[in-house]
Amino acid sequence: MPTLFEQWKKTKPAFETRYEDAVINKFATYGQGANQYTDARGRFFGAAYEVYILAFFIGLYANRCMTLSDNNGKVKNLGVPVGDWKGKTVLSNDAFSQNRKTEPQEIRKPYPELLEYIFAALVARTDIDLMALEEGKISLSTVANQLRKKMEEYANFGFHLLRDKLENEPEKFYSDHGFLHLFRTFAADNEMPEENEDEPSLI
Amino acid sequence: MKLKRVELTNFRNYYGENAVEFGDGVTLLLGQNGDGKTCFYEALSWLFDATARDRREDVSRMLIAELKEGDVARVAVALSFEHKGENKELEKAYEVEITENGGLELKNFRFAGYESVAGERRMVDARMLVMQCFDDFARKFCMFQGERDLARLNNEHDFNHLIQRLAVVKGFDDVVTTTEEMAKTAANAVRHNKSRHNKEEKEWTEAQAALDKAREKCDKAETKYRELEDKLNEVRAKITETERYSGAVDEIVKLNASLEKVEKKILEERNAVRTVNKAHALLDEKWVLCAFAPIFQEFSDKCAEWRKEKKRREKEMKRELEVHRHGTLVNGAAKLPWHKPHGDLLQEMLDECVCKVCNREAPVGSEPYKFMEEKLKEFREGELHAQEEDDETADYMGDLLQLKGKLGGENARKFNRLPEMIAHQCRNEVERDARLQQLQGEKQKLEEEKSMVATTHNLTDNAAFDRHHNGKNLYSAQGRLEAEMHSCEEHWMDCQEEQETAKKKLEALTRPKGEVGFFTEVKELFEQIHDAAVWASKENRAQVMRDLERRAQKHNHALQADGFSGQVRLVLNRQQQWSVALYDGEQLMANPSTSQRSLMYLSVLLAISDCNAEKGDTSYPMIFDAPTSELDAVRVAEFYRSIIALGRQCIVVTKDFLSDQGQVEDDKLKALPCDVYRIKKAEGFDSTRQETIRTNISKVQNYAHSL
């Protein structure tokens, strides 16, 4: 019997098509995959889902959701189940390293563990009835879809924010520091207390 | 010879047909690096070179990419030109075909010449045509690719051959050769006849032979001495220059050492702190979790709540289940739950026919016995049911708790530390960049200083620097030569004495009458004529060279514009070979800078061209590829003014008159009365694939100018 995590990984979260050119295509070589020239074109990410993930985290940390449009024509998914959103290794293969006969360098690596964090965040923030699920009163796919919907709403807010930022402060996001700066702002807002190692583990 | 039109078909960058028409004066072909300028020049070289054949690397890559199996296409360079008033053509061509296995076959190579005879076009031997109109030697001094080719003028053999062509000395040379041979013949006659001579004649002959031998020995000694003298002068000139520049050389060595240190520091800084792509690190290094801590806390809290709730429900469910299952016994005793007593005890009780719970006998078939059987059956079913339930029920809560365990603990501590780690990395990079910037500034300063010292002292190329840096070898060479010269001089003086003695001895004797006396007089006469012819030949050459030198100096002065020009001199060495040199006053400049050397050769070329034009000899077009690469803007302008003033056909392939963005500088070109073409790669090519590149030629200035 599949776990909730496995069921959720089969889902394909959607996004509003108006953000495709306005945001996704600005940062990803949508449909072409990453290679060592990706950065050179001013697009940091190979796959569109990478921008989606970042948009989701923006919404998550801002704790803001925006429901997707009801109109099916204005909404689409990336065609890839979320379980495949785990990145891949990309090696540099430039003439410099070829001439020097050095080993190609790894410029991207996969991040499958990130999906577990996304799932945990969705479970934390979605109003699911786990007891009903355990008792068989609601189906696994229903709960997985609830999680998917929450993910879409967070990402939708993230895309909305990114579009605004691109319109008003484009120069900030065309360097690789743009996204990081945004997330560091969220981290600075948190002010987590120091972890007390004497406290018993929550497990 | 005048070039009229050249057509390139599928030759390297020149996909399809491309043509250039030449005027009688200067034609410029402008192109940036990689546009195809050198390809154009090399197409002409290839055409004129009778030994050059079809080559795969000359076929247009765009053509190869287009052809399919079985397709045939043509590669060709064709030229129409005028020679001594007649129209002629030259063409080199071959075919390319894509074979079955995708290979490229070259075939049907042809090299053909054509002449117009009485209005009819007739094919002629191409090799002969080239030899007649523009032979190898003429091309050596008319086609130049870069500064390297200009240095051909430094090849003594070629340069002197060229001088010979210029100076009308053939007649004198014949006289010199003939009289030398006749003098030798007469001398042989004297020697051969000596057996028939009387004693007087014998004495005379022997004395004459001794004098000739002494003279020859003396001449050899003198020649060797002069050679050593020349070598010593050269070494001394180099030493003088080296001493002049030694301060600058030491300065440059010091600056190089400092530069090396700075470059090492730059490398160390780069290696110490790796630059992280921040956008990638958000995902690859999970930096995006830098604000995740509170989210994880929410998740943990929710899991704890659920767990509590689940436990509560499980407890309640158990109680309900027990109430649901258990009623009362027939005898009024409370019904035990299905799992009490244990299955093994029940079996034991049945076997012993006694109930050990209420301590009563239960014979086989009695009600208590049946009750216990029923109870055992219930127990077995209960076990099975519990097992099945365990198998069927998914533990979603358990999965979540497992996930919480995995993401918590050390992993949670990791993402708690992320903000600090990211800040540390960013700070390190900023500090490293600041240090690098400072080091780059230092490096630039050192390079500027080095450049200034090098330019001021003419040490602008590594070769010049090396020569001066290794100056100590020159001192030992000087010492060696001086010693050798001293011993050579002594030997020469001995030879001179010997010659004088032999001369006196001969003079003391009476010239005999008869055949010996006659042949001796004839020999002496021929020797005098020979000496006169030699003198006349030398004088003629010297006159031609003085004229050439004067013209070269004038051109050099103009080309150097306001800069230091030095003096161009044509120098004759002991071996009677001429060479080109640059002087600073009376001091030979042993190592002129690259631009000074380029201008020196160009000025001699222009002077040769002047002489040819005055004599009315066959003139050839001058074809240059990047002749001004070592010159600054002012000298470039002077170069073009000079070649235009020549009034002869010049074709120059260059990147002058183009801005850094590749725009034609029309305002500068308008001042030049010449046709101008732009050679340029067509737009839309893929810089990683050569088969997408093609060069187009277009005329950008049309100047109707004929001489």
# chains A, B, ... in the order shown; residues from 1 in each chain; ligands from 1
>>> interface_residues(of="chain A", to="chain B", cutoff="9 Å", atoms="only C-alpha atoms", output="ChimeraX atom specification")
/A:1-5,44-45,50,53-54,57,60-61,87,107-111,113-114,116-117,120-125,130-131,133-135,175-180,183-190,192,194-195,201-203
>>> select_by_dssp(residues="range 1-92 of chain A", states="helix (DSSP H, G or I)", output="MDAnalysis selection string")
chainID A and resid 4:9 18:27 39:41 48:62 72:74 82:84
>>> residues_around(residues="range 12-29 of chain A", least_positions_apart="3", cutoff="6 Å", atoms="only C-alpha atoms", output="ChimeraX atom specification")
/A:32,43-48,74-77,81-82,148,152,163
>>> write_last_selection(atoms="all heavy atoms", output="short mmCIF file (atom, residue, chain, number, x, y, z; two decimals), in the first residue's frame")
data_model
loop_
_atom_site.label_atom_id
_atom_site.label_comp_id
_atom_site.auth_asym_id
_atom_site.auth_seq_id
_atom_site.Cartn_x
_atom_site.Cartn_y
_atom_site.Cartn_z
N GLN A 32 14.32 22.57 -22.22
CA GLN A 32 15.60 22.30 -22.85
C GLN A 32 16.60 21.66 -21.91
O GLN A 32 17.64 21.20 -22.32
CB GLN A 32 16.21 23.62 -23.37
CG GLN A 32 15.36 24.23 -24.45
CD GLN A 32 15.79 25.63 -24.75
OE1 GLN A 32 16.97 25.92 -24.85
NE2 GLN A 32 14.84 26.53 -24.88
N ARG A 43 19.75 32.59 -17.58
CA ARG A 43 18.73 31.75 -16.94
C ARG A 43 19.47 30.74 -16.06
O ARG A 43 20.24 29.93 -16.55
CB ARG A 43 17.96 31.00 -18.03
CG ARG A 43 17.09 31.92 -18.84
CD ARG A 43 16.54 31.18 -20.02
NE ARG A 43 15.61 32.00 -20.76
CZ ARG A 43 15.14 31.67 -21.94
NH1 ARG A 43 15.50 30.55 -22.49
NH2 ARG A 43 14.29 32.45 -22.56
N PHE A 44 19.19 30.83 -14.76
CA PHE A 44 19.98 30.02 -13.84
C PHE A 44 19.56 28.57 -13.82
O PHE A 44 20.34 27.72 -13.44
CB PHE A 44 19.87 30.60 -12.44
CG PHE A 44 20.26 32.05 -12.39
CD1 PHE A 44 19.32 33.02 -12.12
CD2 PHE A 44 21.55 32.44 -12.66
CE1 PHE A 44 19.69 34.35 -12.09
CE2 PHE A 44 21.92 33.77 -12.64
CZ PHE A 44 20.98 34.73 -12.35
N PHE A 45 18.30 28.31 -14.11
CA PHE A 45 17.77 26.98 -13.89
C PHE A 45 17.46 26.28 -15.20
O PHE A 45 17.07 26.88 -16.17
CB PHE A 45 16.50 27.06 -13.05
CG PHE A 45 16.72 27.80 -11.76
CD1 PHE A 45 16.21 29.08 -11.58
CD2 PHE A 45 17.48 27.24 -10.76
CE1 PHE A 45 16.44 29.76 -10.40
CE2 PHE A 45 17.71 27.93 -9.58
CZ PHE A 45 17.19 29.19 -9.40
N GLY A 46 17.71 24.96 -15.18
CA GLY A 46 17.43 24.19 -16.37
C GLY A 46 15.95 23.93 -16.51
O GLY A 46 15.32 24.25 -17.51
N ALA A 47 15.35 23.34 -15.46
CA ALA A 47 13.95 22.90 -15.57
C ALA A 47 13.01 23.90 -14.92
O ALA A 47 13.36 24.56 -13.94
CB ALA A 47 13.80 21.54 -14.89
N ALA A 48 11.79 23.98 -15.45
CA ALA A 48 10.79 24.92 -14.92
C ALA A 48 10.42 24.58 -13.49
O ALA A 48 10.11 25.48 -12.70
CB ALA A 48 9.56 24.89 -15.81
N LYS A 74 -6.57 28.66 -18.39
CA LYS A 74 -5.52 29.55 -17.90
C LYS A 74 -4.58 28.84 -16.95
O LYS A 74 -3.74 29.46 -16.30
CB LYS A 74 -6.17 30.72 -17.18
CG LYS A 74 -6.93 31.62 -18.12
CD LYS A 74 -7.44 32.85 -17.41
CE LYS A 74 -8.17 33.74 -18.40
NZ LYS A 74 -8.78 34.89 -17.75
N VAL A 75 -4.78 27.54 -16.82
CA VAL A 75 -3.98 26.78 -15.84
C VAL A 75 -3.38 25.58 -16.54
O VAL A 75 -4.00 24.95 -17.39
CB VAL A 75 -4.90 26.33 -14.68
CG1 VAL A 75 -4.26 25.24 -13.89
CG2 VAL A 75 -5.26 27.50 -13.80
N LYS A 76 -2.13 25.26 -16.21
CA LYS A 76 -1.54 24.04 -16.76
C LYS A 76 -0.53 23.49 -15.77
O LYS A 76 -0.14 24.18 -14.82
CB LYS A 76 -0.88 24.32 -18.11
CG LYS A 76 0.34 25.20 -18.03
CD LYS A 76 0.85 25.61 -19.41
CE LYS A 76 1.86 24.65 -19.92
NZ LYS A 76 2.63 25.18 -21.06
N ASN A 77 -0.12 22.25 -16.00
CA ASN A 77 0.94 21.72 -15.14
C ASN A 77 2.20 21.51 -15.99
O ASN A 77 2.19 21.71 -17.20
CB ASN A 77 0.50 20.42 -14.45
CG ASN A 77 0.25 19.30 -15.42
OD1 ASN A 77 1.09 18.97 -16.26
ND2 ASN A 77 -0.93 18.69 -15.33
N PRO A 81 5.49 14.56 -12.82
CA PRO A 81 5.00 14.41 -11.44
C PRO A 81 6.04 14.96 -10.47
O PRO A 81 7.24 14.96 -10.75
CB PRO A 81 4.85 12.89 -11.27
CG PRO A 81 5.66 12.28 -12.35
CD PRO A 81 5.73 13.25 -13.46
N VAL A 82 5.55 15.42 -9.34
CA VAL A 82 6.42 16.11 -8.39
C VAL A 82 7.55 15.20 -7.89
O VAL A 82 8.60 15.68 -7.49
CB VAL A 82 5.58 16.71 -7.24
CG1 VAL A 82 5.32 15.68 -6.16
CG2 VAL A 82 6.25 17.92 -6.63
N ARG A 148 -1.51 18.78 -2.73
CA ARG A 148 -1.16 19.38 -4.03
C ARG A 148 -1.75 20.77 -4.16
O ARG A 148 -1.11 21.73 -4.58
CB ARG A 148 -1.64 18.49 -5.18
CG ARG A 148 -1.43 19.11 -6.56
CD ARG A 148 -2.11 18.33 -7.68
NE ARG A 148 -3.51 18.05 -7.47
CZ ARG A 148 -4.50 18.91 -7.60
NH1 ARG A 148 -4.27 20.15 -7.96
NH2 ARG A 148 -5.74 18.54 -7.37
N GLU A 152 0.04 24.37 -4.76
CA GLU A 152 -0.28 25.27 -5.89
C GLU A 152 -0.55 26.68 -5.39
O GLU A 152 -0.14 27.67 -6.00
CB GLU A 152 -1.50 24.75 -6.65
CG GLU A 152 -1.21 23.49 -7.47
CD GLU A 152 -2.46 22.85 -8.01
OE1 GLU A 152 -3.57 23.26 -7.62
OE2 GLU A 152 -2.34 21.90 -8.81
N ARG A 163 6.78 38.06 -10.12
CA ARG A 163 6.45 38.88 -11.29
C ARG A 163 6.53 40.36 -10.94
O ARG A 163 7.08 41.16 -11.69
CB ARG A 163 5.04 38.54 -11.80
CG ARG A 163 4.74 39.20 -13.15
CD ARG A 163 3.33 39.05 -13.53
NE ARG A 163 2.45 39.62 -12.53
CZ ARG A 163 1.13 39.67 -12.66
NH1 ARG A 163 0.56 39.19 -13.73
NH2 ARG A 163 0.39 40.17 -11.70
#
>>> closest_residue(among="A:Lys10, A:Lys137, A:Lys88, A:Lys150", to="Phe56 in chain A", atoms="only C-alpha atoms")
A:Lys150
>>> residues_around(residues="Phe11 in chain B", least_positions_apart="5", cutoff="9 Å", atoms="only C-alpha atoms", output="short mmCIF file (atom, residue, chain, number, x, y, z; two decimals) with all heavy atoms, in the first residue's frame")
data_model
loop_
_atom_site.label_atom_id
_atom_site.label_comp_id
_atom_site.auth_asym_id
_atom_site.auth_seq_id
_atom_site.Cartn_x
_atom_site.Cartn_y
_atom_site.Cartn_z
N GLY B 16 29.53 29.61 -52.38
CA GLY B 16 28.91 30.16 -53.59
C GLY B 16 29.94 30.98 -54.37
O GLY B 16 31.13 30.75 -54.27
N GLU B 17 29.48 31.93 -55.14
CA GLU B 17 30.40 32.72 -55.97
C GLU B 17 30.60 34.11 -55.39
O GLU B 17 29.64 34.78 -55.02
CB GLU B 17 29.85 32.84 -57.39
CG GLU B 17 29.95 31.51 -58.13
CD GLU B 17 29.31 31.54 -59.50
OE1 GLU B 17 28.78 32.60 -59.88
OE2 GLU B 17 29.32 30.51 -60.18
N CYS B 39 41.89 34.33 -45.90
CA CYS B 39 41.40 33.34 -46.88
C CYS B 39 41.48 33.92 -48.27
O CYS B 39 41.85 33.23 -49.22
CB CYS B 39 39.93 32.99 -46.60
SG CYS B 39 39.71 31.80 -45.30
N PHE B 40 41.11 35.19 -48.42
CA PHE B 40 41.13 35.83 -49.72
C PHE B 40 42.55 35.90 -50.26
O PHE B 40 42.83 35.52 -51.40
CB PHE B 40 40.55 37.25 -49.61
CG PHE B 40 40.47 37.97 -50.92
CD1 PHE B 40 39.35 37.83 -51.72
CD2 PHE B 40 41.51 38.76 -51.37
CE1 PHE B 40 39.27 38.47 -52.95
CE2 PHE B 40 41.44 39.41 -52.60
CZ PHE B 40 40.32 39.27 -53.39
N ALA B 43 43.78 32.52 -51.19
CA ALA B 43 43.19 32.03 -52.43
C ALA B 43 44.05 32.46 -53.61
O ALA B 43 44.32 31.67 -54.53
CB ALA B 43 41.76 32.58 -52.59
N ASP B 58 40.27 23.23 -48.11
CA ASP B 58 39.91 24.44 -48.85
C ASP B 58 38.44 24.43 -49.28
O ASP B 58 37.94 25.42 -49.79
CB ASP B 58 40.78 24.60 -50.10
CG ASP B 58 42.22 24.96 -49.76
OD1 ASP B 58 42.43 25.55 -48.67
OD2 ASP B 58 43.11 24.65 -50.55
N VAL B 59 37.76 23.30 -49.07
CA VAL B 59 36.36 23.22 -49.53
C VAL B 59 35.47 23.90 -48.49
O VAL B 59 35.63 23.69 -47.28
CB VAL B 59 35.92 21.76 -49.68
CG1 VAL B 59 34.48 21.68 -50.17
CG2 VAL B 59 36.86 21.02 -50.62
N SER B 60 34.53 24.71 -48.95
CA SER B 60 33.61 25.41 -48.05
C SER B 60 32.85 24.43 -47.17
O SER B 60 32.24 23.48 -47.66
CB SER B 60 32.62 26.23 -48.88
OG SER B 60 31.47 26.53 -48.14
N VAL B 75 34.71 23.77 -56.74
CA VAL B 75 35.51 24.71 -55.96
C VAL B 75 36.49 25.34 -56.93
O VAL B 75 37.15 24.62 -57.69
CB VAL B 75 36.28 23.97 -54.84
CG1 VAL B 75 37.18 24.93 -54.07
CG2 VAL B 75 35.32 23.27 -53.90
N ALA B 76 36.59 26.67 -56.92
CA ALA B 76 37.45 27.28 -57.92
C ALA B 76 37.93 28.66 -57.50
O ALA B 76 37.27 29.35 -56.72
CB ALA B 76 36.70 27.40 -59.25
N VAL B 77 39.09 29.05 -58.03
CA VAL B 77 39.57 30.43 -57.95
C VAL B 77 39.97 30.81 -59.36
O VAL B 77 40.77 30.11 -59.99
CB VAL B 77 40.78 30.58 -56.99
CG1 VAL B 77 41.29 32.02 -56.99
CG2 VAL B 77 40.41 30.15 -55.59
#
>>> residues_around(residues="range 45-52 of chain B", least_positions_apart="4", cutoff="7 Å", atoms="only C-alpha atoms", output="PyMOL selection string")
chain B and resi 41+77+92+127+130
>>> residues_around(residues="range 78-91 of chain B", least_positions_apart="4", cutoff="8 Å", atoms="only C-alpha atoms", output="ChimeraX atom specification")
/B:1-8,47,110-116,126,133,618
>>> write_last_selection(atoms="C-alpha atoms", output="PDB file, in the first residue's frame")
ATOM      1  CA  MET B   1      50.887  42.935 -64.918  1.00  0.00           C
ATOM      2  CA  LYS B   2      47.524  44.212 -63.657  1.00  0.00           C
ATOM      3  CA  LEU B   3      44.848  42.177 -61.938  1.00  0.00           C
ATOM      4  CA  LYS B   4      41.332  42.782 -63.262  1.00  0.00           C
ATOM      5  CA  ARG B   5      38.947  40.466 -61.491  1.00  0.00           C
ATOM      6  CA  VAL B   6      39.115  37.507 -59.172  1.00  0.00           C
ATOM      7  CA  GLU B   7      36.288  35.072 -58.465  1.00  0.00           C
ATOM      8  CA  LEU B   8      36.174  32.623 -55.573  1.00  0.00           C
ATOM      9  CA  LEU B  47      46.152  30.141 -57.539  1.00  0.00           C
ATOM     10  CA  ARG B 110      42.516  21.382 -63.364  1.00  0.00           C
ATOM     11  CA  PHE B 111      44.895  24.316 -63.613  1.00  0.00           C
ATOM     12  CA  ALA B 112      44.319  26.230 -66.817  1.00  0.00           C
ATOM     13  CA  GLY B 113      45.506  29.423 -68.453  1.00  0.00           C
ATOM     14  CA  TYR B 114      43.889  31.395 -71.245  1.00  0.00           C
ATOM     15  CA  GLU B 115      45.055  34.074 -73.649  1.00  0.00           C
ATOM     16  CA  SER B 116      43.209  36.238 -76.083  1.00  0.00           C
ATOM     17  CA  ALA B 126      48.982  27.588 -66.814  1.00  0.00           C
ATOM     18  CA  CYS B 133      53.720  36.927 -66.066  1.00  0.00           C
ATOM     19  CA  THR B 618      57.312  45.352 -66.087  1.00  0.00           C
TER      20      THR B 618
END
>>> decode(residues="range 310-322 of chain B", atoms="N, CA, C and O atoms", output="mmCIF file, in the first residue's frame")
data_model
loop_
_atom_site.group_PDB
_atom_site.id
_atom_site.type_symbol
_atom_site.label_atom_id
_atom_site.label_comp_id
_atom_site.auth_asym_id
_atom_site.auth_seq_id
_atom_site.Cartn_x
_atom_site.Cartn_y
_atom_site.Cartn_z
ATOM 1 N N LYS B 310 -4.457 9.833 18.173
ATOM 2 C CA LYS B 310 -4.543 8.448 17.718
ATOM 3 C C LYS B 310 -4.517 7.494 18.910
ATOM 4 O O LYS B 310 -5.289 6.534 18.979
ATOM 5 N N LYS B 311 -3.655 7.801 19.844
ATOM 6 C CA LYS B 311 -3.521 6.938 21.028
ATOM 7 C C LYS B 311 -4.840 6.936 21.811
ATOM 8 O O LYS B 311 -5.330 5.885 22.270
ATOM 9 N N ARG B 312 -5.408 8.151 21.917
ATOM 10 C CA ARG B 312 -6.659 8.276 22.661
ATOM 11 C C ARG B 312 -7.738 7.444 21.991
ATOM 12 O O ARG B 312 -8.474 6.701 22.632
ATOM 13 N N ARG B 313 -7.791 7.543 20.671
ATOM 14 C CA ARG B 313 -8.828 6.821 19.926
ATOM 15 C C ARG B 313 -8.604 5.325 20.003
ATOM 16 O O ARG B 313 -9.550 4.547 20.099
ATOM 17 N N GLU B 314 -7.381 4.933 19.970
ATOM 18 C CA GLU B 314 -7.075 3.493 20.027
ATOM 19 C C GLU B 314 -7.534 2.918 21.367
ATOM 20 O O GLU B 314 -8.128 1.835 21.430
ATOM 21 N N LYS B 315 -7.278 3.706 22.414
ATOM 22 C CA LYS B 315 -7.646 3.255 23.754
ATOM 23 C C LYS B 315 -9.171 3.111 23.834
ATOM 24 O O LYS B 315 -9.705 2.110 24.327
ATOM 25 N N GLU B 316 -9.868 4.116 23.330
ATOM 26 C CA GLU B 316 -11.323 4.114 23.338
ATOM 27 C C GLU B 316 -11.868 2.958 22.535
ATOM 28 O O GLU B 316 -12.820 2.282 22.948
ATOM 29 N N MET B 317 -11.250 2.719 21.396
ATOM 30 C CA MET B 317 -11.697 1.667 20.501
ATOM 31 C C MET B 317 -11.530 0.312 21.151
ATOM 32 O O MET B 317 -12.397 -0.553 21.068
ATOM 33 N N LYS B 318 -10.460 0.164 21.872
ATOM 34 C CA LYS B 318 -10.202 -1.112 22.549
ATOM 35 C C LYS B 318 -11.298 -1.375 23.578
ATOM 36 O O LYS B 318 -11.835 -2.476 23.698
ATOM 37 N N ARG B 319 -11.585 -0.307 24.338
ATOM 38 C CA ARG B 319 -12.603 -0.443 25.367
ATOM 39 C C ARG B 319 -13.939 -0.821 24.750
ATOM 40 O O ARG B 319 -14.642 -1.709 25.202
ATOM 41 N N GLU B 320 -14.323 -0.139 23.690
ATOM 42 C CA GLU B 320 -15.588 -0.405 22.992
ATOM 43 C C GLU B 320 -15.610 -1.806 22.431
ATOM 44 O O GLU B 320 -16.635 -2.500 22.485
ATOM 45 N N LEU B 321 -14.510 -2.198 21.939
ATOM 46 C CA LEU B 321 -14.427 -3.535 21.350
ATOM 47 C C LEU B 321 -14.660 -4.592 22.430
ATOM 48 O O LEU B 321 -15.373 -5.580 22.218
ATOM 49 N N GLU B 322 -14.029 -4.373 23.545
ATOM 50 C CA GLU B 322 -14.194 -5.309 24.644
ATOM 51 C C GLU B 322 -15.659 -5.353 25.082
ATOM 52 O O GLU B 322 -16.224 -6.438 25.288
#
